[in-house]
$ cat work.cif   # mmCIF, C-alpha atoms and all ligand atoms
data_protein
loop_
_atom_site.group_PDB
_atom_site.id
_atom_site.type_symbol
_atom_site.label_atom_id
_atom_site.label_comp_id
_atom_site.auth_asym_id
_atom_site.auth_seq_id
_atom_site.Cartn_x
_atom_site.Cartn_y
_atom_site.Cartn_z
ATOM 1 C CA MET A 1 14.185 -3.384 6.206
ATOM 2 C CA ILE A 2 14.498 -4.636 2.617
ATOM 3 C CA VAL A 3 11.729 -4.148 0.044
ATOM 4 C CA THR A 4 11.323 -7.155 -2.263
ATOM 5 C CA ASP A 5 9.384 -8.235 -5.361
ATOM 6 C CA GLN A 6 8.199 -11.437 -3.668
ATOM 7 C CA ARG A 7 4.439 -11.773 -3.988
ATOM 8 C CA PRO A 8 2.522 -13.223 -1.041
ATOM 9 C CA THR A 9 0.111 -16.116 -1.147
ATOM 10 C CA PRO A 10 -3.556 -15.187 -0.698
ATOM 11 C CA ARG A 11 -3.388 -16.479 2.886
ATOM 12 C CA GLN A 12 -0.361 -14.335 3.676
ATOM 13 C CA TYR A 13 -2.148 -11.332 2.164
ATOM 14 C CA ILE A 14 -5.297 -12.005 4.202
ATOM 15 C CA ALA A 15 -3.237 -12.432 7.388
ATOM 16 C CA LEU A 16 -1.565 -9.071 6.779
ATOM 17 C CA CYS A 17 -4.950 -7.405 6.195
ATOM 18 C CA ARG A 18 -5.985 -8.659 9.628
ATOM 19 C CA ARG A 19 -2.716 -7.596 11.254
ATOM 20 C CA SER A 20 -2.755 -4.125 9.691
ATOM 21 C CA GLY A 21 -6.468 -3.348 9.939
ATOM 22 C CA LEU A 22 -6.927 -2.903 6.171
ATOM 23 C CA HIS A 23 -10.388 -3.974 4.967
ATOM 24 C CA ARG A 24 -10.189 -6.141 1.854
ATOM 25 C CA PRO A 25 -12.121 -9.183 0.547
ATOM 26 C CA THR A 26 -11.392 -12.497 2.251
ATOM 27 C CA ASP A 27 -12.338 -14.720 -0.708
ATOM 28 C CA GLU A 28 -9.059 -16.473 -1.601
ATOM 29 C CA ALA A 29 -9.814 -16.788 -5.332
ATOM 30 C CA ARG A 30 -10.500 -13.058 -5.564
ATOM 31 C CA ILE A 31 -7.388 -12.229 -3.536
ATOM 32 C CA ALA A 32 -5.285 -14.513 -5.754
ATOM 33 C CA ARG A 33 -6.331 -12.438 -8.780
ATOM 34 C CA MET A 34 -5.809 -9.167 -6.910
ATOM 35 C CA ILE A 35 -2.216 -10.241 -6.300
ATOM 36 C CA ALA A 36 -1.564 -11.837 -9.700
ATOM 37 C CA GLU A 37 -3.035 -9.081 -11.868
ATOM 38 C CA ALA A 38 -1.357 -6.111 -10.157
ATOM 39 C CA ASN A 39 1.696 -5.156 -12.199
ATOM 40 C CA LEU A 40 3.637 -3.867 -9.213
ATOM 41 C CA VAL A 41 3.743 -5.579 -5.820
ATOM 42 C CA ARG A 42 6.413 -4.710 -3.251
ATOM 43 C CA THR A 43 6.722 -6.469 0.081
ATOM 44 C CA VAL A 44 8.675 -6.416 3.334
ATOM 45 C CA TRP A 45 9.258 -9.651 5.233
ATOM 46 C CA ASN A 46 10.549 -10.740 8.614
ATOM 47 C CA GLY A 47 11.732 -14.231 7.738
ATOM 48 C CA ASP A 48 8.682 -15.951 6.240
ATOM 49 C CA THR A 49 6.230 -13.488 7.754
ATOM 50 C CA LEU A 50 4.803 -10.764 5.556
ATOM 51 C CA VAL A 51 5.190 -7.462 7.410
ATOM 52 C CA ALA A 52 4.150 -4.878 4.801
ATOM 53 C CA LEU A 53 2.831 -4.707 1.252
ATOM 54 C CA LEU A 54 2.210 -2.180 -1.498
ATOM 55 C CA ARG A 55 0.139 -3.132 -4.572
ATOM 56 C CA ALA A 56 -0.240 -0.890 -7.612
ATOM 57 C CA TRP A 57 -0.762 -0.555 -11.358
ATOM 58 C CA THR A 58 1.456 1.582 -13.515
ATOM 59 C CA ASP A 59 2.349 2.172 -17.165
ATOM 60 C CA TRP A 60 5.868 3.105 -15.882
ATOM 61 C CA VAL A 61 5.921 6.419 -17.772
ATOM 62 C CA TYR A 62 2.940 8.556 -16.708
ATOM 63 C CA VAL A 63 0.727 7.347 -13.873
ATOM 64 C CA CYS A 64 0.613 4.814 -11.038
ATOM 65 C CA TYR A 65 -2.522 3.863 -9.134
ATOM 66 C CA LEU A 66 -1.881 2.697 -5.619
ATOM 67 C CA ALA A 67 -4.349 -0.057 -4.695
ATOM 68 C CA ASP A 68 -3.105 -1.147 -1.260
ATOM 69 C CA ILE A 69 -0.522 -0.149 1.241
ATOM 70 C CA MET A 70 -0.482 -1.870 4.599
ATOM 71 C CA VAL A 71 1.926 -2.458 7.454
ATOM 72 C CA ALA A 72 1.362 -4.954 10.302
ATOM 73 C CA ALA A 73 0.205 -3.078 13.402
ATOM 74 C CA GLU A 74 3.288 -3.848 15.479
ATOM 75 C CA TYR A 75 5.519 -2.367 12.732
ATOM 76 C CA GLN A 76 3.433 0.753 12.084
ATOM 77 C CA ARG A 77 4.858 4.219 12.722
ATOM 78 C CA SER A 78 8.400 2.986 12.228
ATOM 79 C CA GLY A 79 8.905 4.313 8.704
ATOM 80 C CA ILE A 80 7.958 1.251 6.623
ATOM 81 C CA GLY A 81 5.015 2.917 4.861
ATOM 82 C CA ARG A 82 7.255 5.850 3.951
ATOM 83 C CA LEU A 83 9.954 3.404 2.807
ATOM 84 C CA LEU A 84 7.503 1.542 0.517
ATOM 85 C CA VAL A 85 6.403 4.784 -1.152
ATOM 86 C CA ALA A 86 10.011 6.035 -1.462
ATOM 87 C CA ASP A 87 10.950 2.702 -3.054
ATOM 88 C CA LEU A 88 8.016 3.049 -5.452
ATOM 89 C CA ARG A 89 8.997 6.609 -6.328
ATOM 90 C CA ALA A 90 12.566 5.531 -6.998
ATOM 91 C CA ARG A 91 11.399 2.769 -9.326
ATOM 92 C CA LEU A 92 8.950 4.974 -11.193
ATOM 93 C CA GLY A 93 11.012 8.128 -11.587
ATOM 94 C CA ASP A 94 9.833 11.716 -11.777
ATOM 95 C CA ARG A 95 7.552 11.401 -14.822
ATOM 96 C CA VAL A 96 5.028 9.183 -13.041
ATOM 97 C CA GLN A 97 2.213 10.616 -10.909
ATOM 98 C CA LEU A 98 1.010 8.569 -7.945
ATOM 99 C CA VAL A 99 -2.718 8.377 -7.214
ATOM 100 C CA ALA A 100 -4.129 6.874 -4.007
ATOM 101 C CA VAL A 101 -7.578 6.646 -2.459
ATOM 102 C CA ALA A 102 -6.954 7.043 1.257
ATOM 103 C CA ALA A 103 -8.815 5.147 3.943
ATOM 104 C CA PRO A 104 -10.240 7.776 6.341
ATOM 105 C CA THR A 105 -7.720 6.793 9.015
ATOM 106 C CA ALA A 106 -4.757 7.043 6.617
ATOM 107 C CA SER A 107 -5.141 10.633 5.348
ATOM 108 C CA GLY A 108 -2.511 11.846 7.814
ATOM 109 C CA PHE A 109 -0.048 9.286 6.460
ATOM 110 C CA TYR A 110 -0.428 10.471 2.854
ATOM 111 C CA GLU A 111 -0.157 14.103 3.876
ATOM 112 C CA SER A 112 2.953 13.390 5.989
ATOM 113 C CA ILE A 113 4.746 11.804 3.053
ATOM 114 C CA GLY A 114 3.992 14.578 0.579
ATOM 115 C CA PHE A 115 0.750 13.617 -1.190
ATOM 116 C CA GLU A 116 -1.517 16.584 -1.837
ATOM 117 C CA LYS A 117 -5.247 16.204 -1.257
ATOM 118 C CA SER A 118 -7.322 16.511 -4.437
ATOM 119 C CA ASP A 119 -10.979 17.421 -4.767
ATOM 120 C CA ARG A 120 -10.927 16.296 -8.424
ATOM 121 C CA THR A 121 -10.867 12.552 -7.820
ATOM 122 C CA TYR A 122 -14.039 10.673 -8.802
ATOM 123 C CA ILE A 123 -15.003 7.153 -7.787
ATOM 124 C CA LEU A 124 -17.633 4.818 -9.257
ATOM 125 C CA ARG A 125 -17.955 2.495 -6.282
ATOM 126 C CA ARG A 126 -17.908 -1.299 -6.607
ATOM 127 C CA LYS A 127 -21.171 -2.950 -5.545
ATOM 128 C CA GLN A 128 -19.600 -6.010 -3.952
HETATM 129 C C1 LIG B 201 -1.190 3.847 6.743
HETATM 130 C C2 LIG B 201 0.043 2.941 6.917
HETATM 131 C C3 LIG B 201 0.334 2.208 5.621
HETATM 132 C C4 LIG B 201 1.236 3.842 7.279
HETATM 133 O O1 LIG B 201 2.394 3.033 7.388
HETATM 134 P P1 LIG B 201 3.469 3.306 8.540
HETATM 135 O O2 LIG B 201 4.621 2.417 8.302
HETATM 136 O O3 LIG B 201 2.783 3.194 9.854
HETATM 137 O O4 LIG B 201 3.846 4.820 8.272
HETATM 138 P P2 LIG B 201 5.275 5.523 8.555
HETATM 139 O O5 LIG B 201 5.801 5.041 9.868
HETATM 140 O O6 LIG B 201 6.153 5.348 7.377
HETATM 141 O O7 LIG B 201 4.834 7.023 8.705
HETATM 142 C C5 LIG B 201 5.171 8.053 7.778
HETATM 143 C C6 LIG B 201 4.558 9.336 8.300
HETATM 144 O O8 LIG B 201 3.121 9.234 8.299
HETATM 145 C C7 LIG B 201 2.610 9.444 9.612
HETATM 146 N N1 LIG B 201 1.493 8.519 9.792
HETATM 147 C C8 LIG B 201 1.527 7.183 9.628
HETATM 148 N N2 LIG B 201 0.293 6.657 9.810
HETATM 149 C C9 LIG B 201 -0.515 7.702 10.097
HETATM 150 C C10 LIG B 201 -1.893 7.801 10.388
HETATM 151 N N3 LIG B 201 -2.697 6.712 10.406
HETATM 152 N N4 LIG B 201 -2.415 9.044 10.640
HETATM 153 C C11 LIG B 201 -1.620 10.133 10.624
HETATM 154 N N5 LIG B 201 -0.284 10.106 10.334
HETATM 155 C C12 LIG B 201 0.249 8.898 10.086
HETATM 156 C C13 LIG B 201 3.755 9.134 10.558
HETATM 157 O O9 LIG B 201 3.608 9.793 11.799
HETATM 158 C C14 LIG B 201 4.936 9.652 9.764
HETATM 159 O O10 LIG B 201 4.993 11.057 9.834
HETATM 160 P P3 LIG B 201 6.349 11.828 10.212
HETATM 161 O O11 LIG B 201 7.419 11.260 9.311
HETATM 162 O O12 LIG B 201 6.022 13.247 9.944
HETATM 163 O O13 LIG B 201 6.606 11.493 11.636
HETATM 164 C C15 LIG B 201 -0.133 1.926 8.068
HETATM 165 O O14 LIG B 201 -0.411 2.622 9.251
HETATM 166 C C16 LIG B 201 -1.244 0.921 7.825
HETATM 167 O O15 LIG B 201 -0.996 -0.166 7.317
HETATM 168 N N6 LIG B 201 -2.477 1.256 8.226
HETATM 169 C C17 LIG B 201 -3.614 0.331 8.087
HETATM 170 C C18 LIG B 201 -3.970 0.091 6.643
HETATM 171 C C19 LIG B 201 -4.314 1.376 5.912
HETATM 172 O O16 LIG B 201 -5.103 2.185 6.365
HETATM 173 N N7 LIG B 201 -3.683 1.539 4.736
HETATM 174 C C20 LIG B 201 -3.933 2.670 3.883
HETATM 175 C C21 LIG B 201 -5.074 2.373 3.000
HETATM 176 S S1 LIG B 201 -5.451 3.719 1.964
#

$ encode --input "work.cif" --output "structure tokens"
Amino acid sequence: MIVTDQRPTPRQYIALCRRSGLHRPTDEARIARMIAEANLVRTVWNGDTLVALLRAWTDWVYVCYLADIMVAAEYQRSGIGRLLVADLRARLGDRVQLVAVAAPTASGFYESIGFEKSDRTYILRRKQ
């Protein structure tokens, strides 16, 4: 599998949310901004079909906030999530700390790939 810089269309992003089980907005204008404003988007494709995506913000020298990682259900548990994070790590280097807010069902994934659980993360939740 090759990880690319190709950004998906909002419809491709929404289709992957459905296929992976990740809950995200379905308003195309909002999704378009979510994709356009992220400064790091990495994707895996099978032909024209989006198979996996990672979306993040980073300053490239200190911290990176992981906003989404998702893999289509039929490709899950085959190493693509690990590959996306390894690719990210390689691009960011050792000075950059990765921060992720895990969906309840994804905690095991983060722990398996080396993230440590923190009790010092605070969230001011969005209202819509
Ligand atoms: C979470 C997700 C991105 C993981 O991607 P993946 O390609 O299936 O993960 P990998 O195959 O690379 O797995 C890497 C390791 O994590 C483990 N793992 C993966 N998903 C897991 C899960 N849901 N629970 C527990 N462990 C999990 C794998 O067993 C593997 O461990 P191992 O190397 O010790 O055998 C993917 O399952 C997904 O898209 N889930 C739905 C969307 C989601 O919840 N995203 C996270 C939002 S915070």

$ resolve_selection --input "work.cif" --expression "the PyMOL selection byres (((chain A and resi 100) around 7) and not hetatm)" --output "list in words"
Tyr65, Leu66, Ala67, Leu98, Val99, Val101 and Ala102 of chain A

$ residues_near_ligand --input "work.cif" --ligand "ligand LIG 201 (chain B)" --cutoff "12 Å" --atoms "only C-alpha atoms and all ligand atoms" --output "PyMOL selection string"
chain A and resi 1+16-24+44+51-56+65-87+99-115

$ atom_distance --input "work.cif" --atom1 "CA of Arg126 (chain A)" --atom2 "CA of Val41 (chain A)"
22.1 Å

$ atom_distance --input "work.cif" --atom1 "CA of Ile31 (chain A)" --atom2 "CA of Gln97 (chain A)"
25.9 Å

$ closest_residue --input "work.cif" --among "A:Thr49, A:Thr121, A:Thr9, A:Thr43" --to "Arg30 (chain A)" --atoms "only C-alpha atoms"
A:Thr9
